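Colleague: Below you'll find final-v1.txt; it's compact mmCIF, C-alpha atoms.
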```
# COMPACT_ATOMS: atom_id res chain seq x y z
CA MET A 221 68.47 138.52 105.74
CA SER A 222 70.42 135.48 104.53
CA ASP A 223 70.82 132.30 106.57
CA ALA A 224 74.53 133.08 106.94
CA THR A 225 73.81 136.39 108.72
CA ALA A 226 70.60 135.39 110.54
CA PHE A 227 72.21 133.32 113.30
CA GLY A 228 73.64 136.24 115.29
CA PRO A 229 70.40 138.24 115.67
CA GLU A 230 68.47 135.02 116.40
CA LEU A 231 70.96 134.07 119.11
CA ARG A 232 70.69 137.52 120.67
CA GLY A 233 66.89 137.43 120.57
CA ARG A 234 66.64 134.02 122.18
CA ARG A 235 69.25 134.91 124.80
CA MET A 236 67.39 138.05 125.78
CA ALA A 237 64.05 136.22 125.82
CA ARG A 238 65.57 133.84 128.39
CA ASP A 239 66.97 136.81 130.34
CA VAL A 240 70.51 135.48 129.97
CA SER A 241 73.34 138.00 129.75
CA LEU A 242 76.15 137.59 127.26
CA ALA A 243 78.55 136.97 130.16
CA GLN A 244 76.27 134.28 131.56
CA LEU A 245 76.01 132.55 128.18
CA ALA A 246 79.80 132.69 127.84
CA LYS A 247 80.15 130.77 131.13
CA LEU A 248 77.54 128.22 130.07
CA VAL A 249 79.17 127.38 126.73
CA HIS A 250 82.83 128.06 127.73
CA TYR A 251 83.46 130.58 124.95
CA SER A 252 84.67 134.11 125.58
CA LYS A 253 82.20 136.97 125.85
CA GLY A 254 84.05 138.83 123.09
CA TYR A 255 83.76 135.90 120.70
CA LEU A 256 80.03 135.51 121.32
CA SER A 257 79.60 139.25 120.77
CA LYS A 258 81.18 138.89 117.33
CA ILE A 259 78.80 136.01 116.57
CA GLU A 260 75.76 138.04 117.59
CA ASN A 261 76.91 141.02 115.50
CA GLY A 262 77.51 138.88 112.41
CA LEU A 263 81.29 139.40 112.44
CA ARG A 264 81.93 135.67 112.85
CA GLN A 265 80.00 132.61 111.76
CA PRO A 266 79.27 129.96 114.40
CA THR A 267 80.74 126.49 114.25
CA ALA A 268 78.37 123.54 114.48
CA ALA A 269 79.76 122.79 117.95
CA LEU A 270 79.04 126.30 119.24
CA ALA A 271 75.53 126.24 117.75
CA ARG A 272 74.78 123.00 119.62
CA LEU A 273 76.07 124.40 122.90
CA CYS A 274 74.04 127.62 122.57
CA ASP A 275 70.96 125.69 121.49
CA SER A 276 71.19 123.49 124.58
CA ALA A 277 71.98 126.35 126.99
CA LEU A 278 69.00 128.42 125.76
CA HIS A 279 66.62 125.42 125.33
CA CYS A 280 65.97 126.13 121.66
CA ASP A 281 65.07 122.53 120.67
CA GLY A 282 67.33 122.50 117.63
CA ALA A 283 66.28 125.87 116.16
CA LEU A 284 69.77 127.42 116.43
CA ILE A 285 71.38 124.24 115.12
CA GLU A 286 69.13 124.28 112.06
CA LEU A 287 69.85 127.95 111.40
CA ALA A 288 73.62 127.42 111.66
CA GLU A 289 73.36 124.39 109.38
CA ARG A 290 71.50 126.33 106.68
CA GLY A 291 74.07 129.11 106.74
CA ALA A 292 77.12 126.85 106.69
CA PRO A 293 79.00 126.07 103.47
CA VAL A 294 78.52 122.61 102.02
CA THR A 295 81.05 120.18 103.44
CA GLU A 296 82.44 117.59 101.05
CA LEU A 297 83.68 114.26 102.32
CA GLY A 298 87.43 113.86 102.16
CA ASP A 299 89.10 111.63 99.58
CA ILE A 300 92.38 111.05 101.40
CA GLY A 301 94.47 108.54 99.49
CA VAL A 302 92.37 108.52 96.29
CA GLU A 303 94.29 109.60 93.23
CA PRO A 304 93.20 112.98 91.76
CA GLY A 305 91.03 112.65 88.68
CA SER A 306 89.70 109.21 89.58
CA ALA A 307 86.30 108.51 88.04
CA LEU A 308 83.48 108.72 90.55
CA ASP A 309 81.55 106.03 88.74
CA ALA A 310 84.45 103.60 88.35
CA GLU A 311 83.44 99.96 88.69
CA ARG A 312 86.81 98.68 89.98
CA TRP A 313 89.52 99.90 92.32
CA VAL A 314 93.06 98.60 92.52
CA MET A 315 95.38 99.01 95.48
CA GLU A 316 98.88 100.33 94.89
CA MET A 317 101.84 100.58 97.24
CA GLY A 318 104.66 103.10 96.99
CA ASP A 319 108.34 102.54 97.73
CA ASN A 320 107.85 104.03 101.19
CA GLY A 321 105.05 101.59 102.05
CA ALA A 322 102.24 104.11 101.57
CA ILE A 323 99.03 102.54 100.22
CA TRP A 324 96.36 104.16 98.10
CA PHE A 325 93.54 103.13 95.77
CA GLN A 326 93.27 103.93 92.08
CA ALA A 327 90.01 103.85 90.13
CA LEU A 328 89.92 101.98 86.81
CA ASN A 329 87.73 102.92 83.88
CA ARG A 330 85.43 100.32 82.34
CA ARG A 331 87.93 99.12 79.70
CA GLN A 332 90.76 98.81 82.22
CA ALA A 333 88.47 96.98 84.62
CA LEU A 334 87.41 94.47 81.98
CA PHE A 335 91.03 93.79 80.99
CA ALA A 336 92.17 93.43 84.62
CA GLY A 337 89.18 91.24 85.45
CA ALA A 338 89.84 88.90 82.51
CA ALA A 339 93.51 88.61 83.39
CA SER A 340 92.68 87.87 87.02
CA LEU A 341 90.19 85.19 86.08
CA MET A 342 92.65 83.48 83.74
CA THR A 343 95.34 83.45 86.41
CA LEU A 344 92.92 82.32 89.08
CA SER A 345 91.39 79.49 87.09
CA GLY A 346 94.81 78.07 86.27
CA ALA A 347 96.00 78.26 89.87
CA LEU A 348 92.98 76.84 91.66
CA GLY A 349 92.18 73.75 89.66
CA GLU A 350 89.43 71.39 90.82
CA ALA A 351 88.34 71.22 94.44
CA ARG A 352 88.99 68.01 96.38
CA PRO A 353 86.23 66.43 98.52
CA GLY A 354 85.96 68.19 101.90
CA GLU A 355 88.46 70.87 100.91
CA HIS A 356 86.00 73.75 101.12
CA GLU A 357 84.53 72.71 104.46
CA ALA A 358 87.95 72.58 106.12
CA ALA A 359 89.07 75.87 104.55
CA LEU A 360 85.83 77.57 105.60
CA GLY A 361 86.53 76.81 109.26
CA THR A 362 90.06 78.15 108.94
CA PHE A 363 88.98 81.37 107.24
CA THR A 364 86.22 81.89 109.81
CA ALA A 365 88.73 81.66 112.66
CA MET A 366 91.14 83.90 110.75
CA PHE A 367 88.44 86.55 110.33
CA GLY A 368 88.02 86.81 114.09
CA GLN A 369 91.79 87.10 114.51
CA LEU A 370 92.02 89.84 111.88
CA ARG A 371 89.31 91.82 113.63
CA GLN A 372 91.26 91.55 116.88
CA LEU A 373 94.40 92.68 115.07
CA GLY A 374 92.43 95.63 113.71
CA GLN A 375 92.12 96.87 117.30
CA GLN A 376 95.88 97.12 117.64
CA THR A 377 97.34 98.31 114.35
CA SER A 378 96.99 100.71 111.44
CA PRO A 379 94.25 99.92 108.90
CA THR A 380 96.72 100.34 106.03
CA LEU A 381 98.70 97.38 107.37
CA LEU A 382 95.59 95.19 107.39
CA LEU A 383 94.16 96.17 104.01
CA PRO A 384 96.46 94.03 101.81
CA THR A 385 95.68 90.92 103.85
CA LEU A 386 91.94 91.62 103.94
CA ILE A 387 91.77 92.23 100.19
CA ALA A 388 93.65 89.01 99.47
CA GLN A 389 91.46 86.99 101.84
CA THR A 390 88.27 88.44 100.36
CA HIS A 391 89.47 87.55 96.88
CA THR A 392 90.35 84.00 97.97
CA MET A 393 87.00 83.47 99.71
CA GLN A 394 85.14 84.73 96.65
CA ALA A 395 87.07 82.29 94.45
CA MET A 396 86.35 79.43 96.86
CA ALA A 397 82.66 80.26 96.91
CA THR A 398 82.38 80.11 93.13
CA ARG A 399 83.81 76.56 93.17
CA ALA A 400 81.70 75.29 96.08
CA SER A 401 78.16 73.96 96.03
CA GLY A 402 75.11 73.72 98.27
CA LYS A 403 75.28 75.08 101.81
CA THR A 404 79.07 75.38 101.66
CA ARG A 405 78.71 77.74 98.72
CA ASP A 406 76.27 79.98 100.61
CA LYS A 407 78.43 79.99 103.74
CA SER A 408 81.52 80.82 101.69
CA PHE A 409 79.85 83.74 99.94
CA SER A 410 78.49 84.97 103.27
CA LEU A 411 81.96 84.89 104.85
CA ALA A 412 83.48 86.57 101.78
CA ALA A 413 80.88 89.30 102.24
CA ARG A 414 81.93 89.76 105.89
CA TYR A 415 85.55 90.07 104.78
CA ALA A 416 84.56 92.65 102.14
CA GLU A 417 82.51 94.64 104.66
CA TYR A 418 85.39 94.74 107.13
CA THR A 419 87.74 95.73 104.31
CA GLY A 420 85.42 98.65 103.62
CA TRP A 421 85.52 99.65 107.27
CA MET A 422 89.33 99.59 107.28
CA ALA A 423 89.33 101.63 104.07
CA GLN A 424 87.17 104.22 105.82
CA GLU A 425 89.48 104.11 108.83
CA SER A 426 92.34 104.94 106.46
CA GLY A 427 90.40 108.01 105.25
CA GLN A 428 89.06 106.70 101.93
CA GLU A 429 85.27 107.05 102.09
CA ARG A 430 84.51 106.42 98.41
CA VAL A 431 86.62 103.26 98.41
CA ALA A 432 84.91 102.17 101.62
CA LEU A 433 81.49 102.47 100.01
CA TRP A 434 82.71 100.50 96.97
CA TRP A 435 83.74 97.62 99.24
CA THR A 436 80.42 97.86 101.07
CA ASP A 437 78.59 97.49 97.75
CA LEU A 438 80.75 94.47 96.91
CA ALA A 439 79.92 92.97 100.31
CA VAL A 440 76.21 93.31 99.56
CA ALA A 441 76.65 91.60 96.18
CA LEU A 442 78.64 88.72 97.70
CA ALA A 443 76.10 88.26 100.48
CA GLU A 444 73.24 88.16 98.01
CA ALA A 445 75.11 85.51 96.01
CA GLY A 446 75.07 83.43 99.18
CA SER A 447 71.36 84.07 99.83
CA ASP A 448 72.23 86.44 102.70
CA GLN A 449 70.22 89.65 102.55
CA GLU A 450 71.26 91.08 105.92
CA LEU A 451 74.26 92.98 104.59
CA ALA A 452 72.02 94.98 102.26
CA ALA A 453 70.37 96.40 105.36
CA TYR A 454 73.68 96.90 107.16
CA SER A 455 75.15 98.76 104.19
CA LEU A 456 72.64 101.54 104.93
CA VAL A 457 74.04 101.76 108.46
CA ARG A 458 77.55 102.06 107.04
CA ARG A 459 76.46 104.81 104.66
CA ALA A 460 74.81 106.61 107.56
CA LEU A 461 78.19 106.71 109.29
CA VAL A 462 79.69 108.52 106.30
CA THR A 463 76.92 111.16 106.35
CA LEU A 464 77.27 111.45 110.13
CA TYR A 465 80.94 112.40 109.82
CA ALA A 466 79.94 114.85 107.09
CA GLY A 467 77.67 116.54 109.65
CA ASP A 468 74.45 115.73 107.76
CA GLY A 469 72.00 114.82 110.52
CA ARG A 470 68.94 114.55 108.29
CA GLN A 471 70.52 112.15 105.82
CA THR A 472 71.92 110.11 108.70
CA VAL A 473 68.44 109.74 110.19
CA ALA A 474 66.90 108.89 106.81
CA LEU A 475 69.45 106.15 106.03
CA ALA A 476 69.24 104.70 109.53
CA GLN A 477 65.45 104.54 109.38
CA GLN A 478 65.63 102.80 105.99
CA ALA A 479 67.91 100.19 107.54
CA GLN A 480 65.50 99.57 110.41
CA HIS A 481 62.63 98.99 108.01
CA HIS A 482 64.61 96.74 105.65
CA ARG A 483 62.89 93.37 105.37
CA ALA A 484 66.16 91.46 105.91
CA ALA A 485 67.45 93.47 108.89
CA SER A 486 68.21 91.35 111.96
CA ALA A 487 67.67 92.62 115.48
CA ARG A 488 71.37 93.53 115.69
CA VAL A 489 71.37 95.49 112.44
CA ARG A 490 68.19 97.31 113.46
CA GLY A 491 69.79 98.07 116.82
CA LEU A 492 72.92 99.49 115.19
CA ALA A 493 70.70 101.49 112.82
CA ALA A 494 68.66 102.88 115.74
CA GLN A 495 71.88 103.93 117.40
CA ARG A 496 72.97 105.73 114.21
CA GLU A 497 69.52 107.36 113.97
CA ALA A 498 69.98 108.67 117.51
CA GLN A 499 73.28 110.28 116.51
CA GLY A 500 71.56 111.99 113.59
CA HIS A 501 68.85 113.35 115.88
CA ALA A 502 71.57 114.57 118.27
CA LEU A 503 73.23 116.54 115.46
CA LEU A 504 69.83 118.15 114.81
CA GLY A 505 69.32 118.98 118.49
CA ASP A 506 66.23 116.76 118.89
CA HIS A 507 66.70 115.40 122.42
CA THR A 508 63.39 113.52 122.59
CA ALA A 509 63.82 111.70 119.27
CA CYS A 510 67.44 110.93 120.16
CA CYS A 511 66.51 109.31 123.49
CA THR A 512 63.67 107.35 121.88
CA ALA A 513 66.04 105.92 119.26
CA LEU A 514 68.66 105.08 121.89
CA ASP A 515 66.10 103.21 124.01
CA ARG A 516 65.10 101.25 120.90
CA ALA A 517 68.78 100.48 120.20
CA ASP A 518 69.27 99.22 123.77
CA GLU A 519 66.33 96.85 123.44
CA LEU A 520 67.30 95.50 120.01
CA LEU A 521 71.00 95.02 120.81
CA ALA A 522 70.15 93.23 124.06
CA ARG A 523 67.91 90.89 122.08
CA ALA A 524 70.72 90.19 119.62
CA ALA A 525 73.45 89.66 122.25
CA THR A 526 73.83 85.96 121.36
CA SER A 527 75.25 86.65 117.85
CA GLU A 528 78.35 84.72 116.86
CA PRO A 529 81.40 86.99 117.54
CA ALA A 530 83.37 85.72 114.53
CA THR A 531 80.98 87.07 111.91
CA VAL A 532 78.95 89.62 113.85
CA LEU A 533 78.18 92.83 111.97
CA GLY A 534 79.36 96.08 113.47
CA THR A 535 81.62 96.56 116.46
CA SER A 536 82.63 93.53 118.51
CA SER A 537 84.73 95.53 120.99
CA VAL A 538 81.95 96.35 123.43
CA ALA A 539 78.94 94.41 124.64
CA ASN A 540 76.56 97.36 124.50
CA PRO A 541 77.68 100.02 122.01
CA ALA A 542 74.47 102.00 122.58
CA ALA A 543 75.67 103.03 126.04
CA LEU A 544 78.76 104.76 124.61
CA THR A 545 76.69 106.19 121.77
CA ARG A 546 74.37 107.70 124.39
CA ALA A 547 77.34 109.52 125.93
CA TRP A 548 78.43 110.86 122.53
CA CYS A 549 74.88 111.96 121.74
CA LEU A 550 74.85 114.00 124.96
CA HIS A 551 77.97 115.78 123.70
CA ASP A 552 76.34 116.55 120.36
CA LEU A 553 73.20 117.71 122.17
CA GLY A 554 75.30 120.40 123.88
CA LYS A 555 75.59 118.60 127.24
CA PRO A 556 79.34 117.86 127.42
CA ALA A 557 79.55 117.62 131.23
CA GLU A 558 76.88 114.89 131.28
CA ALA A 559 78.62 113.17 128.38
CA ALA A 560 81.95 113.16 130.25
CA GLN A 561 80.37 111.54 133.30
CA ARG A 562 78.80 108.78 131.19
CA PHE A 563 82.07 108.18 129.37
CA ASP A 564 83.80 107.71 132.74
CA ILE A 565 81.28 105.02 133.70
CA GLU A 566 81.43 103.16 130.38
CA LEU A 567 85.20 103.32 129.86
CA ASP A 568 86.22 102.34 133.39
CA GLY A 569 87.96 98.96 133.35
CA VAL A 570 88.09 98.54 129.55
CA ASP A 571 90.87 96.23 128.32
CA PRO A 572 93.87 98.51 127.55
CA GLY A 573 94.84 96.16 124.69
CA ARG A 574 91.96 97.47 122.59
CA SER A 575 93.94 100.38 121.23
CA ARG A 576 91.49 101.40 118.49
CA PHE A 577 88.59 101.34 120.94
CA GLN A 578 90.58 103.26 123.56
CA ALA A 579 91.66 105.88 121.03
CA ARG A 580 88.19 106.43 119.54
CA TRP A 581 86.19 106.72 122.73
CA GLY A 582 89.02 108.16 124.81
CA VAL A 583 89.41 111.13 122.46
CA ARG A 584 85.67 111.71 122.64
CA ARG A 585 85.75 111.62 126.44
CA ALA A 586 88.63 114.12 126.46
CA LEU A 587 86.71 116.33 124.04
CA SER A 588 83.67 116.26 126.32
CA TYR A 589 85.80 117.38 129.27
CA ALA A 590 87.48 120.10 127.21
CA THR A 591 84.15 121.38 125.89
CA SER A 592 82.77 121.54 129.44
CA GLY A 593 85.73 123.67 130.52
CA GLU A 594 87.69 121.08 132.52
CA ILE A 595 90.89 121.75 130.62
CA ASP A 596 93.46 120.23 132.98
CA HIS A 597 91.67 116.89 133.12
CA ALA A 598 91.07 116.93 129.35
CA CYS A 599 94.80 117.47 128.75
CA GLU A 600 95.68 114.66 131.16
CA LEU A 601 93.34 112.23 129.37
CA THR A 602 94.58 113.28 125.93
CA ASP A 603 98.24 112.88 126.83
CA LYS A 604 97.62 109.24 127.81
CA LEU A 605 95.86 108.53 124.50
CA LEU A 606 98.39 109.83 122.00
CA GLY A 607 100.28 106.54 121.82
CA ASP A 608 97.11 104.65 120.90
CA VAL A 609 96.14 107.34 118.38
CA GLU A 610 99.46 107.02 116.55
CA LEU A 611 99.38 103.21 116.72
CA VAL A 612 95.94 102.68 115.16
CA ASP A 613 96.32 105.54 112.64
CA SER A 614 92.54 105.93 112.22
CA ALA A 615 91.07 108.67 110.01
CA THR A 616 87.84 108.74 112.04
CA VAL A 617 89.77 109.07 115.30
CA ARG A 618 91.86 111.86 113.79
CA TRP A 619 88.66 113.62 112.76
CA ASP A 620 87.65 113.80 116.44
CA LEU A 621 91.23 114.66 117.41
CA GLN A 622 91.12 117.62 115.02
CA THR A 623 87.99 118.85 116.80
CA LEU A 624 89.73 118.41 120.16
CA THR A 625 92.75 120.33 118.87
CA LYS A 626 90.52 123.22 117.76
CA THR A 627 88.88 123.24 121.18
CA PHE A 628 92.24 123.35 122.96
CA SER A 629 93.37 126.15 120.63
CA ARG A 630 90.91 128.46 122.43
CA TRP A 631 92.92 127.88 125.62
CA LEU A 632 96.48 128.32 124.36
CA ASN A 633 97.42 130.48 127.36
CA HIS A 634 96.51 127.65 129.73
CA PRO A 635 99.69 125.96 131.09
CA SER A 636 98.42 122.39 130.50
CA VAL A 637 97.48 123.20 126.91
CA ARG A 638 100.85 124.86 126.21
CA THR A 639 102.61 121.71 127.42
CA LEU A 640 100.37 119.29 125.51
CA PHE A 641 99.91 121.17 122.24
CA PRO A 642 103.20 120.27 120.50
CA LYS A 643 102.67 116.56 121.20
CA LEU A 644 99.00 116.80 120.18
CA THR A 645 99.68 118.42 116.82
CA GLY A 646 102.55 115.99 116.24
CA ALA A 647 100.23 113.01 116.76
CA LEU A 648 97.57 114.59 114.56
CA TYR A 649 99.85 114.80 111.55
CA THR A 650 101.82 111.57 112.04
CA SER A 651 100.14 109.41 109.38
CA PRO A 652 101.27 109.52 105.72
CA ALA A 653 97.73 110.42 104.69
CA MET A 654 97.63 113.49 106.94
CA ARG A 655 101.13 114.60 105.86
```
As structure tokens, what does this structure read like?
Modeller:
Amino acid sequence: MSDATAFGPELRGRRMARDVSLAQLAKLVHYSKGYLSKIENGLRQPTAALARLCDSALHCDGALIELAERGAPVTELGDIGVEPGSALDAERWVMEMGDNGAIWFQALNRRQALFAGAASLMTLSGALGEARPGEHEAALGTFTAMFGQLRQLGQQTSPTLLLPTLIAQTHTMQAMATRASGKTRDKSFSLAARYAEYTGWMAQESGQERVALWWTDLAVALAEAGSDQELAAYSLVRRALVTLYAGDGRQTVALAQQAQHHRAASARVRGLAAQREAQGHALLGDHTACCTALDRADELLARAATSEPATVLGTSSVANPAALTRAWCLHDLGKPAEAAQRFDIELDGVDPGRSRFQARWGVRRALSYATSGEIDHACELTDKLLGDVELVDSATVRWDLQTLTKTFSRWLNHPSVRTLFPKLTGALYTSPAMR
């Protein structure tokens, strides 16, 4: 029997061993009895979400999740916004803007990159000239303050609007660093690296994973030029996020553990890595390992709470990101009702001006309520979020919103869902990338 057809009989066997009827399991996971019957008889293949819910309900310790994962087709990461035919191993990317304001990235081959690089250097060297005494120190303070402001702006607007500014600022900081000396040089390269890392994050938020990883690699190179090794460790955390959204729990855990053992990892980076490791364990259905990693993340992030907010790595929107990650892990562990309760606690009183934060975690809270069968409340929460979702135009938020839409589609006869669904699908396909 192949992995693709083994899930149904295994589910039936484990259900019967627990003396749980099909109707009882349907109530526990909030799927119809008829649908589960088709799963058990091999007429339908389970989604990852259903496998997690069944695994949790029947206390299978990840066995059903693993079986569903082995039988699922390989999922490729999306390349939204990357021109077809772009070389995977390209060394340079250029940003282009269409007449309608749409932005995308285009890969250059080696010869094009060398030509563009030489032209840029000639233009740059003629424009910059020689540095005046004290010029770099004053500019460094300005660019540091500007970085904090850009991160705040990133909470309230589309990533495609920020990308041109971030790319230009990264380029300027890199040029400044090459002309500076001593400690100012190191600080300039380190700040340029922070700009590049945040540019990569905004590229990922716009749905361009390969471009995001290219900027992350550049950030590592810039940081190393400034004798800052921490970003090399953090880059593993960023890569783990890409594999997490691809549904690869094992690779997520492996990358996160590498980051925690990196010799240059600070307490904050190790805490963020432990949090990512926990999410990987949750995808695999390993409750014990997930909780252990979350406890480690709590301890490390509390120790690193005095980091400077202007250049801090990772999210700066919440004091303790591990608490929200714990709620999301409960959802992935097949415990959506517990997840919803934790989300309520953590999201109560959050500044409404943090639109990106509200959209990301609000959609996940609504999904937890929908998955636990509280459809009316889930619809109410979702309706309030759609404005923020459209404003921040985040690919990662839309990924979760797609999952929420699929969950609501099982309840299309419900009055609240019928009312919400046109607005929900409209918000889902608002961005140029999704269209």
Colleague: Using all atoms listed in the file, determine which residues lie at most 10 Å from Ala590 in chain A, disregarding the query and same-chain residues fewer than 2 positions distant; provide the list as a list of chain:residue names.
Modeller: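 Listing them by chain and then by number gives A:His250, A:Pro556, A:Ala557, A:Ala560, A:Arg584, A:Arg585, A:Ala586, A:Leu587, A:Ser588, A:Ser592, A:Gly593, A:Glu594, A:Ile595, A:Asp596, A:His597, A:Ala598, A:Cys599, A:Thr602, A:Leu624, A:Thr625, A:Thr627, A:Phe628, A:Trp631.
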Colleague: Give me the residues near range 428-437 of chain A as a list of chain:residue names, where near means some atom within 6 Å (using only C-alpha atoms) and where sequence neighbours in that chain fewer than 2 positions away do not count.
Modeller: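 Non-adjacent residues within range: A:Asp299, A:Ile300, A:Ala416, A:Glu417, A:Gly420, A:Ala423, A:Gln424, A:Ser426, A:Ala439, A:Val440.
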Colleague: Closest to Thr463 in chain A among A:Leu475, A:Leu242, A:Leu284, A:Ala397, using only C-alpha atoms?
Modeller: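 The answer is A:Leu475, which sits nearest to Thr463 in chain A.
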Colleague: Have a look at A:Ala271, A:His481, A:Pro541, A:Leu550 and name the one nearest to Cys511 in chain A; count all atoms listed in the file.
Modeller: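 For Cys511 in chain A, the nearest of the given residues is A:Leu550.
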Colleague: Would you kindly return, as number ranges by chain, each protein, DNA or RNA residue with an atom no farther than 12 Å from any atom of Ala246 in chain A, considering only C-alpha atoms and excluding same-chain residues fewer than 4 positions away?
Modeller: A: 235, 240-242, 250-257, 259, 270, 273-274, 277-278, 592-593
Colleague: Could you check how far CA of Val609 in chain A sits from CA of Ala579 in chain A, in Å to one decimal?
Modeller: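 A separation of 5.4 Å between them.
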Colleague: For Leu383 in chain A, please output as a list of chain:residue names all residues within 9 Å (counting only C-alpha atoms; exclusion window: fewer than 5 positions along the same chain).
Modeller: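 Final neighbour list, sorted by chain and number: A:Ile323, A:Ala388, A:Thr419, A:Met422, A:Ala423.
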Colleague: May I ask which of the residues A:Leu632, A:Ala243, A:Leu370, A:Leu451 is the closest one to Ala484 in chain A, counting only C-alpha atoms?
Modeller: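 Among the listed residues, A:Leu451 lies closest to Ala484 in chain A.
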Colleague: Compare A:Ala413, A:Leu373, A:Leu648, A:Ala474 by their minimum atom-to-atom distance to Glu610 in chain A, counting all atoms listed in the file, and give me the closest one.
Modeller: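 Under the stated criterion, the closest residue is A:Leu648.
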Colleague: Taking 5 positions as the minimum chain separation for residues in the same chain, which residues sit within 12 Å of Thr385 in chain A when counting only C-alpha atoms? Answer as a list of chain:residue names.
Modeller: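 Everything that qualifies: A:Met315, A:Met366, A:Phe367, A:Gln369, A:Leu370, A:Arg371, A:Leu373, A:Gly374, A:Pro379, A:Thr380, A:Thr390, A:His391, A:Thr392, A:Tyr415, A:Ala416, A:Tyr418, A:Thr419, A:Met422.
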Colleague: How many Å separate CA of Leu611 in chain A from CA of Gly368 in chain A?
Modeller: 20.1 Å
Colleague: Compare A:Thr623, A:Thr639, A:Ser629, A:Thr404 by their minimum atom-to-atom distance to Ala269 in chain A, counting all atoms listed in the file, and give me the closest one.
Modeller: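 Looking at the shortest contact to Ala269 in chain A, the residue is A:Thr623.
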Colleague: For a quick check of understanding, using all atoms listed in the file, which of A:Glu425, A:Ala542, A:Gly228, A:Tyr649 has the smallest distance to Thr377 in chain A?
Modeller: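 Looking at the shortest contact to Thr377 in chain A, the residue is A:Glu425.
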Colleague: Please report the interatomic distance between CA of Gly646 in chain A and CA of Lys604 in chain A in Å with one decimal.
Modeller: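 Computed distance, CA of Gly646 in chain A to CA of Lys604 in chain A, equals 14.3 Å.
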Colleague: Pull the neighbourhood of (63.7, 129.6, 124.9) for me: all residues within 10 Å in file coordinates, counting all atoms listed in the file, as a CSV table (one decimal) with C-alpha atoms, keeping the file's coordinate frame.
Modeller:
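Done, and the output landed in point_35.csv:
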```csv
chain,number,residue,atom,x,y,z
A,233,GLY,CA,66.9,137.4,120.6
A,234,ARG,CA,66.6,134.0,122.2
A,235,ARG,CA,69.2,134.9,124.8
A,236,MET,CA,67.4,138.0,125.8
A,237,ALA,CA,64.0,136.2,125.8
A,238,ARG,CA,65.6,133.8,128.4
A,239,ASP,CA,67.0,136.8,130.3
A,275,ASP,CA,71.0,125.7,121.5
A,276,SER,CA,71.2,123.5,124.6
A,277,ALA,CA,72.0,126.4,127.0
A,278,LEU,CA,69.0,128.4,125.8
A,279,HIS,CA,66.6,125.4,125.3
A,280,CYS,CA,66.0,126.1,121.7
A,281,ASP,CA,65.1,122.5,120.7
A,283,ALA,CA,66.3,125.9,116.2
```
Colleague: Taking the point (72.2, 93.8, 115.8) as given in the file, collect each protein or nucleic acid residue that comes within 8 Å of it, counting only C-alpha atoms, and present the set as a ChimeraX atom specification.
Modeller: /A:486-492,520-521,524-525,533-534
Colleague: Since the input is missing atoms for range 406-416 of chain A, could you rebuild it with N, CA and C atoms and give the result as a PDB file, in the coordinates of the input?
Modeller:
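Generated file (rebuild_39.pdb):
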```
ATOM      1  N   ASP A 406      76.927  78.845  99.959  1.00  0.00           N
ATOM      2  CA  ASP A 406      76.270  79.980 100.610  1.00  0.00           C
ATOM      3  C   ASP A 406      77.096  80.495 101.784  1.00  0.00           C
ATOM      4  N   LYS A 407      77.624  79.567 102.592  1.00  0.00           N
ATOM      5  CA  LYS A 407      78.430  79.990 103.740  1.00  0.00           C
ATOM      6  C   LYS A 407      79.708  80.688 103.287  1.00  0.00           C
ATOM      7  N   SER A 408      80.290  80.213 102.189  1.00  0.00           N
ATOM      8  CA  SER A 408      81.520  80.820 101.690  1.00  0.00           C
ATOM      9  C   SER A 408      81.266  82.228 101.172  1.00  0.00           C
ATOM     10  N   PHE A 409      80.184  82.408 100.429  1.00  0.00           N
ATOM     11  CA  PHE A 409      79.850  83.740  99.940  1.00  0.00           C
ATOM     12  C   PHE A 409      79.529  84.681 101.113  1.00  0.00           C
ATOM     13  N   SER A 410      78.839  84.150 102.112  1.00  0.00           N
ATOM     14  CA  SER A 410      78.490  84.970 103.270  1.00  0.00           C
ATOM     15  C   SER A 410      79.755  85.414 104.014  1.00  0.00           C
ATOM     16  N   LEU A 411      80.715  84.513 104.184  1.00  0.00           N
ATOM     17  CA  LEU A 411      81.960  84.890 104.850  1.00  0.00           C
ATOM     18  C   LEU A 411      82.775  85.845 103.996  1.00  0.00           C
ATOM     19  N   ALA A 412      82.800  85.628 102.673  1.00  0.00           N
ATOM     20  CA  ALA A 412      83.480  86.570 101.780  1.00  0.00           C
ATOM     21  C   ALA A 412      82.883  87.959 101.915  1.00  0.00           C
ATOM     22  N   ALA A 413      81.561  88.012 102.074  1.00  0.00           N
ATOM     23  CA  ALA A 413      80.880  89.300 102.240  1.00  0.00           C
ATOM     24  C   ALA A 413      81.311  89.978 103.543  1.00  0.00           C
ATOM     25  N   ARG A 414      81.483  89.185 104.618  1.00  0.00           N
ATOM     26  CA  ARG A 414      81.930  89.760 105.890  1.00  0.00           C
ATOM     27  C   ARG A 414      83.348  90.305 105.764  1.00  0.00           C
ATOM     28  N   TYR A 415      84.200  89.575 105.038  1.00  0.00           N
ATOM     29  CA  TYR A 415      85.550  90.070 104.780  1.00  0.00           C
ATOM     30  C   TYR A 415      85.501  91.385 103.998  1.00  0.00           C
ATOM     31  N   ALA A 416      84.658  91.446 102.964  1.00  0.00           N
ATOM     32  CA  ALA A 416      84.560  92.650 102.140  1.00  0.00           C
ATOM     33  C   ALA A 416      84.043  93.831 102.955  1.00  0.00           C
TER      34      ALA A 416
END
```
